[in-house]
>>> print(open('input09.txt').read())   # compact mmCIF, C-alpha atoms
# COMPACT_ATOMS: atom_id res chain seq x y z
CA MET D 17 68.78 -45.49 -15.91
CA GLU D 18 66.56 -46.80 -13.20
CA ALA D 19 62.87 -46.36 -13.91
CA LEU D 20 59.87 -46.56 -11.57
CA SER D 21 56.95 -48.73 -12.48
CA LEU D 22 53.65 -46.88 -12.82
CA TYR D 23 52.36 -48.67 -9.73
CA GLU D 24 55.42 -47.53 -7.76
CA LEU D 25 54.92 -43.96 -8.93
CA ASN D 26 51.25 -44.00 -8.04
CA ARG D 27 51.97 -45.55 -4.68
CA THR D 28 54.42 -42.76 -3.79
CA ILE D 29 51.85 -40.17 -4.79
CA LYS D 30 49.26 -41.98 -2.67
CA GLU D 31 51.66 -42.05 0.28
CA SER D 32 52.41 -38.35 -0.07
CA ILE D 33 48.73 -37.47 -0.21
CA ASP D 34 47.98 -39.64 2.80
CA GLU D 35 50.82 -37.98 4.63
CA LEU D 36 49.71 -34.50 3.58
CA TYR D 37 46.01 -35.05 4.35
CA PRO D 38 45.81 -37.74 7.02
CA MET D 39 42.39 -36.35 8.04
CA SER D 40 39.42 -35.01 6.15
CA VAL D 41 39.33 -31.30 5.26
CA TRP D 42 36.48 -28.86 4.58
CA VAL D 43 36.29 -27.72 0.97
CA LYS D 44 34.06 -25.17 -0.75
CA SER D 45 33.01 -26.22 -4.22
CA GLU D 46 30.33 -26.21 -6.86
CA ILE D 47 28.66 -29.40 -7.99
CA SER D 48 28.89 -29.56 -11.76
CA ARG D 49 27.46 -33.06 -12.07
CA ILE D 50 25.76 -35.46 -9.72
CA THR D 51 24.60 -39.05 -10.26
CA GLU D 52 23.37 -41.69 -7.96
CA ASN D 53 24.04 -45.22 -9.12
CA ARG D 54 21.93 -48.29 -8.64
CA SER D 55 23.82 -49.57 -5.67
CA GLY D 56 23.14 -46.28 -3.82
CA HIS D 57 26.53 -44.58 -4.11
CA CYS D 58 26.61 -40.97 -5.20
CA TYR D 59 29.18 -39.67 -7.68
CA LEU D 60 29.93 -36.00 -8.04
CA GLU D 61 31.99 -33.81 -10.25
CA LEU D 62 33.21 -30.78 -8.37
CA VAL D 63 34.50 -27.60 -9.95
CA GLU D 64 35.73 -24.19 -8.98
CA LYS D 65 35.22 -21.37 -11.45
CA ASP D 66 37.03 -18.11 -11.86
CA PRO D 67 34.47 -15.60 -10.61
CA ASN D 68 35.57 -13.14 -13.29
CA ASN D 69 35.12 -15.27 -16.39
CA ASP D 70 33.42 -18.46 -15.17
CA GLU D 71 36.32 -20.56 -16.45
CA VAL D 72 36.95 -23.81 -14.61
CA ILE D 73 40.14 -23.43 -12.62
CA ALA D 74 39.89 -26.64 -10.58
CA LYS D 75 38.07 -29.91 -10.99
CA ALA D 76 37.82 -33.17 -9.07
CA SER D 77 35.72 -36.29 -8.90
CA ALA D 78 34.13 -37.13 -5.59
CA SER D 79 32.05 -39.93 -4.20
CA ILE D 80 29.70 -40.30 -1.28
CA TRP D 81 29.49 -43.93 -0.36
CA LYS D 82 26.11 -45.49 0.12
CA ASN D 83 26.10 -45.56 3.93
CA THR D 84 27.21 -41.93 4.26
CA TYR D 85 24.91 -40.82 1.43
CA LYS D 86 21.89 -42.46 3.08
CA MET D 87 22.49 -40.20 6.07
CA LEU D 88 23.73 -37.02 4.41
CA ALA D 89 21.15 -36.71 1.61
CA PRO D 90 18.01 -36.53 3.81
CA TYR D 91 19.82 -34.35 6.36
CA PHE D 92 20.88 -31.89 3.68
CA ALA D 93 17.40 -31.88 2.11
CA MET D 94 15.69 -31.30 5.42
CA GLU D 95 17.97 -28.43 6.35
CA THR D 96 18.03 -26.65 3.01
CA GLY D 97 14.65 -27.63 1.64
CA THR D 98 16.31 -28.88 -1.49
CA ALA D 99 18.17 -31.98 -2.67
CA LEU D 100 21.83 -31.95 -3.56
CA SER D 101 21.88 -30.92 -7.16
CA GLN D 102 23.87 -29.61 -10.05
CA GLY D 103 24.91 -25.99 -9.94
CA MET D 104 24.76 -25.87 -6.18
CA THR D 105 27.59 -24.56 -4.04
CA VAL D 106 28.43 -26.83 -1.11
CA LEU D 107 30.76 -26.99 1.84
CA ILE D 108 31.86 -30.61 2.19
CA LYS D 109 34.29 -32.48 4.31
CA VAL D 110 36.48 -34.61 2.07
CA LYS D 111 39.33 -37.01 2.36
CA PRO D 112 41.56 -36.83 -0.71
CA VAL D 113 42.40 -40.31 -1.85
CA PHE D 114 44.67 -41.59 -4.51
CA HIS D 115 44.20 -45.13 -5.64
CA GLU D 116 46.98 -46.68 -7.62
CA ALA D 117 44.54 -48.02 -10.20
CA TYR D 118 41.69 -45.46 -10.08
CA SER D 119 43.68 -42.29 -9.65
CA TYR D 120 42.64 -39.18 -7.67
CA SER D 121 39.28 -38.59 -6.10
CA LEU D 122 37.64 -37.11 -3.01
CA ASN D 123 35.77 -39.17 -0.51
CA VAL D 124 32.95 -37.10 1.01
CA THR D 125 32.36 -37.74 4.72
CA ASP D 126 30.26 -34.77 5.80
CA ILE D 127 28.39 -31.75 4.50
CA ASP D 128 27.48 -28.39 6.03
CA PRO D 129 24.02 -27.36 4.76
CA THR D 130 24.18 -23.90 6.33
CA TYR D 131 26.80 -22.88 3.81
CA THR D 132 24.49 -23.85 0.93
CA ILE D 133 21.55 -22.12 2.57
CA GLY D 134 23.59 -18.95 2.87
CA ASP D 135 24.78 -19.25 -0.69
CA MET D 136 21.28 -19.87 -2.05
CA SER D 137 19.79 -17.01 -0.09
CA GLN D 138 22.61 -14.80 -1.26
CA LYS D 139 21.92 -15.78 -4.89
CA ARG D 140 18.22 -15.25 -4.34
CA LYS D 141 18.83 -11.82 -2.91
CA ILE D 142 20.90 -10.93 -5.95
CA VAL D 143 18.14 -12.17 -8.29
CA LEU D 144 15.50 -10.21 -6.40
CA ALA D 145 17.60 -7.06 -6.33
CA ARG D 146 18.23 -7.36 -10.07
CA LEU D 147 14.55 -7.81 -10.93
CA LYS D 148 13.68 -4.79 -8.82
CA GLU D 149 16.48 -2.71 -10.25
CA GLU D 150 15.24 -3.50 -13.76
CA SER D 151 11.75 -2.37 -12.66
CA VAL D 152 10.18 -5.60 -13.83
CA PHE D 153 9.41 -7.12 -10.43
CA ASP D 154 5.71 -6.09 -10.38
CA MET D 155 4.97 -6.31 -14.08
CA ASN D 156 2.96 -9.54 -14.09
CA ARG D 157 0.90 -8.27 -11.17
CA GLU D 158 0.09 -5.12 -13.13
CA LEU D 159 -1.78 -7.15 -15.76
CA THR D 160 -5.56 -7.36 -15.59
CA LEU D 161 -6.99 -10.75 -14.84
CA ASN D 162 -10.23 -11.42 -16.69
CA ARG D 163 -13.29 -11.47 -14.44
CA ALA D 164 -14.76 -14.47 -16.16
CA ILE D 165 -12.01 -17.08 -16.43
CA ARG D 166 -12.66 -19.80 -18.96
CA ASN D 167 -9.49 -20.90 -20.72
CA ILE D 168 -6.81 -22.06 -18.33
CA ALA D 169 -3.31 -23.03 -19.44
CA LEU D 170 -1.87 -25.40 -16.88
CA VAL D 171 1.87 -25.87 -16.65
CA SER D 172 2.67 -29.03 -14.75
CA SER D 173 3.93 -32.53 -15.10
CA LYS D 174 1.13 -34.89 -16.03
CA THR D 175 2.30 -37.57 -13.63
CA ALA D 176 2.50 -35.21 -10.66
CA ALA D 177 -0.27 -35.18 -8.08
CA GLY D 178 -0.48 -31.41 -8.49
CA TYR D 179 -2.12 -31.68 -11.90
CA GLU D 180 -4.81 -34.01 -10.60
CA ASP D 181 -5.38 -31.97 -7.42
CA PHE D 182 -5.87 -28.84 -9.49
CA VAL D 183 -8.38 -30.37 -11.92
CA ASN D 184 -10.27 -32.16 -9.12
CA GLN D 185 -10.63 -28.97 -7.12
CA LEU D 186 -11.96 -27.12 -10.18
CA ASN D 187 -14.60 -29.78 -10.79
CA ASN D 188 -15.45 -30.60 -7.21
CA GLN D 189 -17.65 -27.54 -6.62
CA GLU D 190 -21.27 -26.97 -5.77
CA VAL D 191 -21.66 -24.39 -8.49
CA LYS D 192 -20.03 -25.70 -11.64
CA PHE D 193 -18.33 -23.35 -14.02
CA ASN D 194 -17.33 -24.44 -17.43
CA TYR D 195 -13.54 -24.29 -17.57
CA ASN D 196 -11.37 -25.37 -20.42
CA VAL D 197 -8.08 -26.62 -18.97
CA GLU D 198 -5.20 -27.40 -21.32
CA LEU D 199 -2.08 -29.02 -19.96
CA PHE D 200 1.33 -27.85 -21.13
CA GLU D 201 3.69 -30.43 -19.76
CA ALA D 202 6.89 -29.38 -18.12
CA VAL D 203 9.54 -30.86 -15.89
CA MET D 204 8.83 -29.47 -12.45
CA GLN D 205 12.06 -30.23 -10.64
CA GLY D 206 15.72 -30.66 -11.36
CA ASP D 207 17.97 -28.66 -13.58
CA LEU D 208 15.64 -28.99 -16.60
CA THR D 209 12.92 -27.06 -14.76
CA GLU D 210 13.89 -23.59 -15.98
CA ASN D 211 14.04 -24.42 -19.70
CA SER D 212 11.12 -26.75 -19.57
CA ILE D 213 8.75 -24.21 -17.99
CA ILE D 214 9.89 -21.44 -20.34
CA ASN D 215 9.21 -23.75 -23.31
CA ALA D 216 5.76 -24.54 -21.97
CA LEU D 217 5.01 -20.81 -21.55
CA ASP D 218 6.16 -20.24 -25.13
CA SER D 219 3.79 -22.92 -26.41
CA ILE D 220 0.91 -21.31 -24.53
CA ILE D 221 1.47 -18.03 -26.35
CA SER D 222 1.68 -19.65 -29.77
CA SER D 223 -1.35 -21.84 -29.09
CA LYS D 224 -4.58 -21.17 -30.99
CA THR D 225 -6.54 -20.91 -27.77
CA LYS D 226 -6.74 -17.48 -26.24
CA PHE D 227 -6.02 -18.21 -22.60
CA ASP D 228 -7.23 -16.09 -19.68
CA ILE D 229 -4.66 -17.28 -17.21
CA VAL D 230 -1.59 -19.47 -16.76
CA VAL D 231 -1.32 -21.71 -13.72
CA ILE D 232 2.00 -23.27 -12.77
CA VAL D 233 1.50 -26.13 -10.31
CA ARG D 234 3.51 -28.90 -8.78
CA GLY D 235 2.50 -31.44 -6.20
CA GLY D 236 4.46 -31.19 -3.00
CA GLY D 237 6.95 -34.05 -2.93
CA ALA D 238 8.84 -35.32 0.07
CA VAL D 239 11.40 -32.64 -0.54
CA SER D 240 10.23 -29.21 -1.59
CA ASP D 241 12.93 -28.60 -4.08
CA LEU D 242 12.34 -24.92 -4.46
CA HIS D 243 15.54 -23.37 -5.60
CA TRP D 244 14.80 -24.06 -9.28
CA TYR D 245 12.09 -21.46 -8.94
CA ASP D 246 14.56 -18.83 -7.79
CA SER D 247 16.07 -18.71 -11.27
CA TYR D 248 16.59 -15.23 -12.68
CA ARG D 249 15.86 -16.29 -16.24
CA LEU D 250 12.57 -17.99 -15.37
CA SER D 251 11.41 -15.19 -13.07
CA TYR D 252 12.36 -12.47 -15.56
CA TYR D 253 10.53 -14.35 -18.30
CA CYS D 254 7.39 -14.47 -16.15
CA THR D 255 7.51 -10.75 -15.42
CA GLN D 256 7.50 -10.12 -19.18
CA TYR D 257 4.73 -12.62 -19.84
CA PRO D 258 1.53 -11.19 -21.37
CA LEU D 259 -0.89 -13.31 -19.30
CA PRO D 260 -1.39 -13.32 -15.53
CA ILE D 261 0.49 -16.25 -13.99
CA ILE D 262 -0.60 -17.88 -10.77
CA THR D 263 1.55 -20.40 -8.95
CA GLY D 264 0.77 -23.34 -6.74
CA ILE D 265 4.17 -24.88 -6.42
CA GLY D 266 3.34 -26.83 -3.29
CA HIS D 267 5.61 -25.75 -0.50
CA ASP D 268 5.20 -24.26 2.89
CA ARG D 269 8.73 -23.44 3.97
CA ASP D 270 9.53 -20.44 1.96
CA ILE D 271 8.38 -18.50 -1.03
CA SER D 272 10.33 -18.66 -4.29
CA VAL D 273 11.25 -15.74 -6.53
CA LEU D 274 8.82 -17.08 -9.12
CA ASP D 275 6.04 -16.87 -6.50
CA MET D 276 7.06 -13.31 -5.74
CA VAL D 277 6.83 -12.11 -9.34
CA ALA D 278 3.66 -14.08 -10.11
CA TYR D 279 0.26 -12.37 -10.38
CA THR D 280 -0.83 -14.40 -7.35
CA SER D 281 0.97 -17.17 -5.53
CA LEU D 282 -0.76 -19.90 -3.60
CA LYS D 283 0.63 -22.66 -1.50
CA THR D 284 -0.86 -25.63 -3.29
CA PRO D 285 -2.42 -26.61 -6.63
CA THR D 286 -5.72 -27.06 -4.78
CA ALA D 287 -5.54 -23.50 -3.47
CA ALA D 288 -4.70 -22.24 -6.98
CA ALA D 289 -7.83 -23.93 -8.35
CA GLN D 290 -9.92 -22.53 -5.50
CA PHE D 291 -8.60 -19.05 -6.26
CA ILE D 292 -9.96 -19.34 -9.81
CA VAL D 293 -13.28 -20.79 -8.63
CA ASN D 294 -13.67 -18.00 -6.06
CA ARG D 295 -13.06 -15.43 -8.73
CA SER D 296 -15.72 -17.04 -10.91
CA ILE D 297 -18.17 -17.13 -7.99
CA SER D 298 -17.58 -13.49 -7.19
CA THR D 299 -17.93 -12.49 -10.84
CA TYR D 300 -21.13 -14.53 -11.07
CA ASN D 301 -22.56 -12.92 -7.92
CA ASP D 302 -21.65 -9.43 -9.09
CA LEU D 303 -23.41 -10.10 -12.36
CA LYS D 304 -26.46 -11.48 -10.57
CA ASN D 305 -26.63 -8.43 -8.32
CA LEU D 306 -26.28 -6.12 -11.27
CA ILE D 307 -29.10 -7.92 -13.08
CA ASN D 308 -31.30 -7.69 -9.98
CA GLU D 309 -30.55 -4.02 -9.54
CA PHE D 310 -31.22 -3.44 -13.21
CA SER D 311 -34.51 -5.39 -13.05
CA ALA D 312 -35.68 -3.48 -10.02
CA SER D 313 -34.94 -0.14 -11.61
CA VAL D 314 -36.62 -1.12 -14.87
CA GLN D 315 -39.67 -2.41 -13.04
CA SER D 316 -40.00 0.72 -10.95
CA TYR D 317 -39.54 2.83 -14.08
CA ILE D 318 -42.42 1.04 -15.80
CA LYS D 319 -44.54 1.20 -12.66
CA ASN D 320 -44.00 4.96 -12.47
CA LYS D 321 -45.00 5.36 -16.08
CA GLN D 322 -48.15 3.29 -15.52
CA VAL D 323 -49.14 5.33 -12.48
CA GLU D 324 -48.41 8.55 -14.32
CA LEU D 325 -50.59 7.49 -17.25
CA GLU D 326 -53.45 6.48 -14.92
CA MET D 327 -53.28 9.88 -13.25
CA ARG D 328 -53.33 11.53 -16.61
CA LYS D 329 -56.44 9.59 -17.59
CA ILE D 330 -58.21 10.61 -14.39
CA ASP D 331 -57.19 14.21 -14.93
CA LEU D 332 -58.45 14.15 -18.51
CA LYS D 333 -61.79 12.61 -17.50
CA ALA D 334 -62.23 15.24 -14.82
CA ALA D 335 -61.39 18.01 -17.29
CA VAL D 336 -63.90 16.73 -19.83
CA SER D 337 -66.62 16.28 -17.25
CA ASP D 338 -65.90 19.73 -15.77
CA LEU D 339 -66.25 21.20 -19.18
CA PHE D 340 -69.68 19.64 -19.61
CA VAL D 341 -70.85 20.76 -16.23
CA LYS D 342 -69.76 24.29 -17.06
CA LYS D 343 -71.44 24.31 -20.49
CA ARG D 344 -74.62 22.84 -19.08
CA HIS D 345 -74.69 25.42 -16.34
CA ASN D 346 -74.23 28.25 -18.82
CA LEU D 347 -76.99 26.84 -20.95
CA SER D 348 -79.44 26.62 -18.08
CA MET D 349 -78.60 30.19 -17.00
CA MET D 350 -79.37 31.28 -20.49
CA GLU D 351 -82.63 29.35 -20.44
CA GLN D 352 -83.68 30.96 -17.19
CA PHE D 353 -82.92 34.40 -18.49
CA LEU D 354 -84.85 33.77 -21.67
CA ASP D 355 -87.75 32.37 -19.66
CA LEU D 356 -87.90 35.48 -17.57
CA SER D 357 -87.94 37.73 -20.59
CA SER D 358 -90.72 35.85 -22.46
CA PRO D 359 -93.95 37.97 -23.09
CA SER D 360 -96.33 35.33 -21.67
CA VAL D 361 -94.54 35.61 -18.32
CA ILE D 362 -94.84 39.42 -18.39
CA LEU D 363 -98.54 39.40 -19.42
CA LYS D 364 -99.24 37.01 -16.59
CA LYS D 365 -97.95 39.62 -14.18
CA GLY D 366 -100.69 42.02 -15.40
CA TYR D 367 -98.87 43.87 -18.14
CA SER D 368 -100.41 44.22 -21.56
CA ILE D 369 -99.28 45.09 -25.08
CA SER D 370 -101.18 47.40 -27.36
CA LEU D 371 -100.77 47.16 -31.11
CA LYS D 372 -101.76 49.56 -33.82
CA ASP D 373 -101.75 48.14 -37.33
CA GLY D 374 -99.88 45.08 -36.01
CA LYS D 375 -97.10 47.16 -34.46
CA VAL D 376 -96.50 48.02 -30.79
CA ALA D 377 -98.46 51.24 -30.23
CA ARG D 378 -96.69 54.42 -29.16
CA CYS D 379 -98.59 57.44 -27.74
CA LYS D 380 -97.08 59.82 -30.26
CA ASP D 381 -98.53 57.80 -33.13
CA LEU D 382 -102.09 57.64 -31.75
CA HIS D 383 -104.98 59.98 -32.64
CA LYS D 384 -108.61 60.29 -31.69
CA GLY D 385 -110.72 57.61 -33.33
CA ASP D 386 -107.77 55.18 -33.90
CA CYS D 387 -108.42 51.55 -33.28
CA ILE D 388 -105.90 49.57 -31.20
CA LYS D 389 -105.66 45.94 -30.24
CA THR D 390 -104.57 45.13 -26.67
CA ILE D 391 -103.16 41.75 -25.76
CA LEU D 392 -103.87 40.64 -22.20
CA PHE D 393 -102.90 37.51 -20.40
CA ASP D 394 -106.25 35.83 -21.04
CA GLY D 395 -107.25 37.33 -24.37
CA ASN D 396 -107.39 40.33 -26.69
CA VAL D 397 -109.58 43.44 -26.69
CA GLU D 398 -110.06 46.09 -29.29
CA SER D 399 -110.67 49.72 -28.32
CA ILE D 400 -111.15 53.15 -29.93
CA ILE D 401 -109.23 56.19 -28.73
CA LYS D 402 -111.53 58.99 -27.33
CA MET K 6 -53.61 13.97 -36.16
CA GLU K 7 -49.92 13.47 -36.85
CA LYS K 8 -48.43 10.02 -36.59
CA ILE K 9 -47.23 9.46 -33.01
CA LYS K 10 -43.62 8.35 -32.77
CA THR K 11 -42.77 7.85 -29.15
CA TYR K 12 -44.39 7.30 -25.81
CA ASP K 13 -43.06 10.61 -24.53
CA GLU K 14 -44.47 12.50 -27.51
CA ALA K 15 -47.85 10.87 -27.03
CA TYR K 16 -47.79 11.55 -23.33
CA SER K 17 -46.96 15.22 -23.69
CA GLN K 18 -49.71 15.67 -26.33
CA LEU K 19 -52.08 14.15 -23.84
CA GLU K 20 -50.94 16.64 -21.22
CA ILE K 21 -51.44 19.59 -23.58
CA LEU K 22 -54.89 18.35 -24.55
CA THR K 23 -55.97 18.05 -20.93
CA GLU K 24 -54.76 21.58 -20.22
CA GLU K 25 -56.68 22.93 -23.21
CA ILE K 26 -59.88 21.25 -22.05
CA LYS K 27 -59.33 22.49 -18.50
CA ASN K 28 -58.89 26.05 -19.67
CA GLY K 29 -61.98 25.82 -21.85
CA GLU K 30 -59.97 26.61 -24.94
CA ILE K 31 -61.69 23.98 -26.95
CA PRO K 32 -64.94 24.86 -28.75
CA LEU K 33 -67.67 22.35 -28.09
CA ASN K 34 -67.99 21.29 -31.69
CA LEU K 35 -64.30 20.18 -31.60
CA LEU K 36 -64.57 18.35 -28.31
CA THR K 37 -65.62 15.01 -29.80
CA LYS K 38 -62.67 15.13 -32.17
CA LYS K 39 -60.31 16.01 -29.31
CA ILE K 40 -61.66 13.24 -27.12
CA LYS K 41 -61.09 10.75 -29.92
CA GLU K 42 -57.52 11.99 -30.18
CA ALA K 43 -57.06 11.63 -26.45
CA LYS K 44 -58.40 8.09 -26.60
CA ALA K 45 -55.95 7.18 -29.36
CA LEU K 46 -53.07 8.70 -27.38
CA ILE K 47 -54.01 6.79 -24.23
CA GLU K 48 -54.27 3.55 -26.19
CA PHE K 49 -50.89 4.18 -27.77
CA CYS K 50 -49.31 4.84 -24.35
CA GLN K 51 -50.90 1.77 -22.80
CA THR K 52 -49.83 -0.49 -25.66
CA SER K 53 -46.28 0.87 -25.54
CA LEU K 54 -46.08 0.32 -21.80
CA ALA K 55 -47.52 -3.18 -22.05
CA LYS K 56 -45.05 -4.08 -24.76
CA VAL K 57 -42.07 -2.81 -22.81
CA ASP K 58 -43.40 -4.51 -19.69
CA ASN K 59 -43.60 -7.78 -21.62
CA ASP K 60 -40.09 -7.39 -22.99
CA VAL K 61 -38.79 -6.65 -19.52
CA ASN K 62 -40.52 -9.66 -18.01
CA ASP K 63 -39.19 -11.81 -20.81
CA PHE K 64 -35.69 -10.54 -20.14
CA LEU K 65 -36.02 -10.99 -16.38
CA HIS K 66 -37.19 -14.56 -16.72
CA ASN K 67 -34.46 -15.50 -19.14
CA CYS K 68 -31.45 -14.23 -17.25
>>> encode(input="input09.txt", output="structure tokens")
Amino acid sequence: MEALSLYELNRTIKESIDELYPMSVWVKSEISRITENRSGHCYLELVEKDPNNDEVIAKASASIWKNTYKMLAPYFAMETGTALSQGMTVLIKVKPVFHEAYSYSLNVTDIDPTYTIGDMSQKRKIVLARLKEESVFDMNRELTLNRAIRNIALVSSKTAAGYEDFVNQLNNQEVKFNYNVELFEAVMQGDLTENSIINALDSIISSKTKFDIVVIVRGGGAVSDLHWYDSYRLSYYCTQYPLPIITGIGHDRDISVLDMVAYTSLKTPTAAAQFIVNRSISTYNDLKNLINEFSASVQSYIKNKQVELEMRKIDLKAAVSDLFVKKRHNLSMMEQFLDLSSPSVILKKGYSISLKDGKVARCKDLHKGDCIKTILFDGNVESIIK
Amino acid sequence: MEKIKTYDEAYSQLEILTEEIKNGEIPLNLLTKKIKEAKALIEFCQTSLAKVDNDVNDFLHNC
């Protein structure tokens, strides 16, 4: 029996493939793994899953050679706003190759970013629709943010510029508020983002510190790799979170689902810090106004009482002095009356009083020969009745 | 005279007293006593006001 050598077999397969696919073809696929090696080549593992049960029904290795990758990677990132990454669905132009020694693989020559954009926006729409359908979309926004913010839990990567920007902006203010910022480190891009942020949020809740607010920030890199923040799991988690979350994920192209469910979303870490400072300033001013209003009302209250008491004193003095005037007047009236009725005043007018045996004489008691004493103004006379 | 408890109590006693004097309801022999009472009430009111005023100023300067 004649047998082929392995090389001969592989060469026939290679020839058949070359014959079958002399040119590149467009293929839809999901990236299940992606690595870039030191020499600048990019290696991918592509899969297709059964939409019903997620089982892998096709799989192939692919490579983007350095020169092509140098062109395709920035182009793709610029168009989609995100780097080629695991879990992403792509439309790529590939040339199937079969190498006798290295077996089957796909050589990527081109990529169509619009397909990925469409796919991502489709996925995003589904996530949004699901969050709304579950009535959780607004839940974080329905929380009450403390008026005086003091304890801030910051979710970021320590090495990222975003962390520094945020802290600098908090401190670089005319009026300084005393904030306590604790960093909960998380990976802010790549496929670890989702789990890493959720873990950080978990640690915040179990921390001893009672935080007023959670701030998720990330410095804007060259590529705003946003689609990690469109994750259903992460966004759902944030809607159920007990503290208000504000985001400053550093992008200006589009707004992520996480931004949409957050209590407040801001474009940059600096803006997120300013949001907190502004809230503190407004709380401080409100308090100052309230104190002023309170002071004014207290002062006018006291003033009124003082005036009222002064008036009362004047009133009392007047009443007392009136009383004296009245009493004195009555007294002098009495005096006048008494003066007028005194006998010396009457005698002076020419009247006289006659006494018999020391009593005022009456005609009916007098008889011939009786002796009476008459008092006149200037002396007394005695007389005998004839 | 009963022990005065509050500013408002003192103030209203003062008001009643003034009315009584105005209406001549107070016999002269009691007037001295009543005036002493009035003086005590006024002093109480003034001290209370001054104290509150102090407290308020203290508060206003410290916040």
>>> closest_residue(input="input09.txt", among="K:Ile31, K:Leu36, K:Thr23, K:Lys10", to="chain D", atoms="only C-alpha atoms")
K:Thr23
>>> interface_residues(input="input09.txt", of="chain D", to="chain K", cutoff="7 Å", atoms="all atoms listed in the file", output="PyMOL selection string")
chain D and resi 311+318+332+335-336+339
>>> atom_distance(input="input09.txt", atom1="atom CA of D:Ala117", atom2="atom CA of D:Lys30")
10.7 Å
>>> atom_distance(input="input09.txt", atom1="atom CA of D:Lys384", atom2="atom CA of D:Ile400")
7.8 Å
>>> residues_near_point(input="input09.txt", point="(37.0, -43.9, -3.1)", cutoff="7 Å", atoms="all atoms listed in the file", output="PDB file with C-alpha atoms, in the coordinates of the input")
ATOM      1  CA  SER D  79      32.050 -39.930  -4.200  1.00  0.00           C
ATOM      2  CA  VAL D 113      42.400 -40.310  -1.850  1.00  0.00           C
ATOM      3  CA  SER D 121      39.280 -38.590  -6.100  1.00  0.00           C
ATOM      4  CA  LEU D 122      37.640 -37.110  -3.010  1.00  0.00           C
ATOM      5  CA  ASN D 123      35.770 -39.170  -0.510  1.00  0.00           C
TER       6      ASN D 123
END
>>> residues_around(input="input09.txt", residues="D:Ile108", least_positions_apart="6", cutoff="9 Å", atoms="all atoms listed in the file", output="VMD selection string")
chain D and resid 41 to 45 124 to 129
>>> axis_aligned_box(input="input09.txt", around="stretch 45-58 of chain K", padding_each_side="4 Å", output="lines of an AutoDock Vina configuration file")
center_x = -49.0
center_y = 2.1
center_z = -24.5
size_x = 21.9
size_y = 21.2
size_z = 17.7
>>> residues_around(input="input09.txt", residues="D:Gln290", least_positions_apart="4", cutoff="9 Å", atoms="all atoms listed in the file", output="PyMOL selection string")
chain D and resi 182+185-186+285-286+294-295
>>> atom_distance(input="input09.txt", atom1="atom CA of D:Ile33", atom2="atom CA of D:Lys109")
15.9 Å
>>> residues_around(input="input09.txt", residues="stretch 147-163 of chain D", least_positions_apart="6", cutoff="7 Å", atoms="all atoms listed in the file", output="list in words")
Asp228, Tyr252, Cys254, Thr255, Gln256, Tyr257, Pro260, Val277, Ala278, Tyr279, Arg295 and Thr299 of chain D
>>> residues_around(input="input09.txt", residues="stretch 97-106 of chain D", least_positions_apart="4", cutoff="9 Å", atoms="only C-alpha atoms", output="PDB file with C-alpha atoms, in the coordinates of the input")
ATOM      1  CA  VAL D  43      36.290 -27.720   0.970  1.00  0.00           C
ATOM      2  CA  LYS D  44      34.060 -25.170  -0.750  1.00  0.00           C
ATOM      3  CA  SER D  45      33.010 -26.220  -4.220  1.00  0.00           C
ATOM      4  CA  GLU D  46      30.330 -26.210  -6.860  1.00  0.00           C
ATOM      5  CA  ILE D  47      28.660 -29.400  -7.990  1.00  0.00           C
ATOM      6  CA  SER D  48      28.890 -29.560 -11.760  1.00  0.00           C
ATOM      7  CA  ARG D  49      27.460 -33.060 -12.070  1.00  0.00           C
ATOM      8  CA  ILE D  50      25.760 -35.460  -9.720  1.00  0.00           C
ATOM      9  CA  ALA D  89      21.150 -36.710   1.610  1.00  0.00           C
ATOM     10  CA  PRO D  90      18.010 -36.530   3.810  1.00  0.00           C
ATOM     11  CA  PHE D  92      20.880 -31.890   3.680  1.00  0.00           C
ATOM     12  CA  ALA D  93      17.400 -31.880   2.110  1.00  0.00           C
ATOM     13  CA  ILE D 127      28.390 -31.750   4.500  1.00  0.00           C
ATOM     14  CA  ASP D 128      27.480 -28.390   6.030  1.00  0.00           C
ATOM     15  CA  PRO D 129      24.020 -27.360   4.760  1.00  0.00           C
ATOM     16  CA  TYR D 131      26.800 -22.880   3.810  1.00  0.00           C
ATOM     17  CA  THR D 132      24.490 -23.850   0.930  1.00  0.00           C
ATOM     18  CA  ILE D 133      21.550 -22.120   2.570  1.00  0.00           C
ATOM     19  CA  ASP D 135      24.780 -19.250  -0.690  1.00  0.00           C
ATOM     20  CA  MET D 136      21.280 -19.870  -2.050  1.00  0.00           C
ATOM     21  CA  GLY D 206      15.720 -30.660 -11.360  1.00  0.00           C
ATOM     22  CA  ASP D 207      17.970 -28.660 -13.580  1.00  0.00           C
ATOM     23  CA  VAL D 239      11.400 -32.640  -0.540  1.00  0.00           C
ATOM     24  CA  SER D 240      10.230 -29.210  -1.590  1.00  0.00           C
ATOM     25  CA  ASP D 241      12.930 -28.600  -4.080  1.00  0.00           C
ATOM     26  CA  LEU D 242      12.340 -24.920  -4.460  1.00  0.00           C
ATOM     27  CA  HIS D 243      15.540 -23.370  -5.600  1.00  0.00           C
ATOM     28  CA  ARG D 269       8.730 -23.440   3.970  1.00  0.00           C
ATOM     29  CA  ASP D 270       9.530 -20.440   1.960  1.00  0.00           C
TER      30      ASP D 270
END
>>> closest_residue(input="input09.txt", among="D:Lys375, D:Lys141, D:His57, D:Lys333", to="D:Ile80", atoms="all atoms listed in the file")
D:His57
